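Presented below is the structure to which this report refers.
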Amino acid sequence: MHKAPVVNPSPVATSPALSITDFLTDGSLAALCAELSQLTGVSVQLRDALGRQVSPGGQGKESWSVSGDAGAEPPPGAHAFPLRVGGERIGAILVGPGGPSLGENPRLSLERAIELLSQASAELCEHELELRHKVKELSALFKLGSMLAHASGMQRVLEVALESALDVLGLDAGSIMLLKEDADGITATNEEDLTVATSRNLSREWLEWPQSLSKGRLFDRLALGGEIVVSEDLPSDPRVQIQERVQIEGLVSAIHAGMIFQSRPLGVMRLYAHDRRSFSESDRRLLGLIANQAAVAIEQTRLLRLHEEEQRIGRQLQLAADVQRRMLPSRVPQIKPLDIAARYIPSFELGGDFYDFIDLNGHLGIVVGDVVGKGIAAALLMSSVRASLRAHAQEVYDLDTVVGKVNQALCRDTLDSEFATLWYGVLNPATLRLTYCNAGHEPPIIVRVPKHRSPSPADIDELSVGGMVVGVDRSQRYQRAVYDLHPGDVFIAYTDGVTDASNFENAKFGKKRLRKTILDVLKAEPDAPAARVLDLIHWEVRRFTGLAPRADDETLVVMRINAGGK
């Protein structure tokens, strides 16, 4: 009889990466060695990679224990049979010295040893079966992922997902039913809240049948709740309410899984077999993984579609914003003795603020307006107000009549909730007389800067005469007023985006702070040009709000009357 060589089971100096104890579960191998020892009268020991004895029985969740010193030498005459995995030694089975002899009741000991051997073998088979399931799952997911990566469009994604599920589970027919994108789960008693996204080997009658397969739509509710729903015998399942339709379709077994993305239900994957079929835990887990993968792919496809739509809308918004910017004056008028600066900062790509300068046969028309709202609707309304005012300003002399006609046009063409504030003034550069009409707008500020002292609140006037906003009351009548400017005066028109600018504490910049800012600027720099005044006001607003997001459009028009007609 061939004898195995004596092998020293002691380890090398360094600790091994793997040991037999990494693979033990119920300790049946250690118990088998102990039973063989009792049966033969020869010591049979299971040793780990460090040479320590592994014995049956342990504490806590382990059913085995380790004892002895690492690196212990085997007794003389002992034979060690190494255990290797991937070429690496993980332990050994050590047969001690001496001759075997059958002890008392050897039959019982032999049966016990064979029982333990069968347990150890079953454990190895269980691991092998689990490994096969894992390989199958990974292979299916890899295949599905590869197919989904090359699928173009939502429909192809769903077709690939269904084909993959039927293929890896060996089933005969199926469908993917999707909820409406804005749906939040099952809402109807029949199938009207689901649409057939794709199907395979199912009749049109089955797909269009108004009643659900299960009573009270139990299968769908459980699936969308995260369960894998199984019926191994549909014709006799008491949960099924359309047994006759099931028999006509030739369906016997079913397994359903919900497609859920971040707790949001997207739809249900329904698979069927024409023969009776039992579904293992691995089958259920595999379908759940495929359904989850399909849900991610569906959501990704939807997000890509939304992204493309956003890009398209963004390009349109950019074009519209370019058009809107071209509606604003490209440069300020160069008319002596006026020094003018203007700036418009929208809160979005498109905004509702506007300003304009109109040449009126040597006179200068000045317009500042603000339509209700922001974004596209505000921009369209702004364009309408601007076009209407420009058209009437060229034909009508009286400012109050011009504003009245703009109001009537806006009332005729817009809803009650759509209106605009408007300030319109006409300046005679020769006489410095300013005629104006204020339609519900923030009153422009005029600061009369004294020559020999700093300006004070008493040097501030506001231009508020006019009437209510345009676009609300067709019968509204407006008034006009006259204000005579003087050399050195500073005129500031603005929209409420300036005074309503808020910081992180939700405090508004406000009119009081704006007036103080203007006075502080003119105290520090009495002769500051219009552009400098505008920059310092904007700087103070930014300093107040910090990094808080801009909630509204901001518009400023600053005009200074230079001394000596310069």
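In the structure tokens, chains take letters A, B, ... by order of appearance, with residues numbered from 1 within each chain and ligands from 1 in the order shown.
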Quick one: which stretch 420-488 of chain A residues come within 12 Å of stretch 516-528 of chain A, and what is the nearest atom pair for each with the distance in Å to one decimal, counting only C-alpha atoms, rows ordered by chain and ascending number, as CSV?
```
residue,atom,partner,partner_atom,distance
A:Ile445,CA,A:Ile518,CA,9.4
A:Ile446,CA,A:Ile518,CA,10.0
A:Val447,CA,A:Leu519,CA,8.1
A:Arg448,CA,A:Leu522,CA,10.1
A:Val449,CA,A:Pro526,CA,7.2
A:Pro450,CA,A:Pro526,CA,8.7
A:Lys451,CA,A:Pro526,CA,8.5
A:His452,CA,A:Pro526,CA,10.2
A:Arg453,CA,A:Lys523,CA,8.5
A:Ser454,CA,A:Lys523,CA,5.2
A:Pro455,CA,A:Leu519,CA,6.3
A:Ser456,CA,A:Leu519,CA,6.7
A:Pro457,CA,A:Leu519,CA,7.7
A:Ala458,CA,A:Leu519,CA,10.7
A:Asp459,CA,A:Leu519,CA,9.3
A:Ile460,CA,A:Leu519,CA,9.0
A:Pro487,CA,A:Asp527,CA,11.2
A:Gly488,CA,A:Asp527,CA,7.9
```
Name the residues in contact with A:Thr414 at a cut-off of 9 Å, using only C-alpha atoms, excluding same-chain residues fewer than 5 positions from it; report them as number ranges by chain. A: 381, 409, 419, 471
Restricting to only C-alpha atoms, whichever of A:Val230, A:Leu427, A:Val196, A:Leu218 is closest to A:Pro337 is A:Leu427
Output as number ranges by chain all residues of stretch 251-281 of chain A that backbone DSSP marks as strand (DSSP E). A: 253-261, 264-273
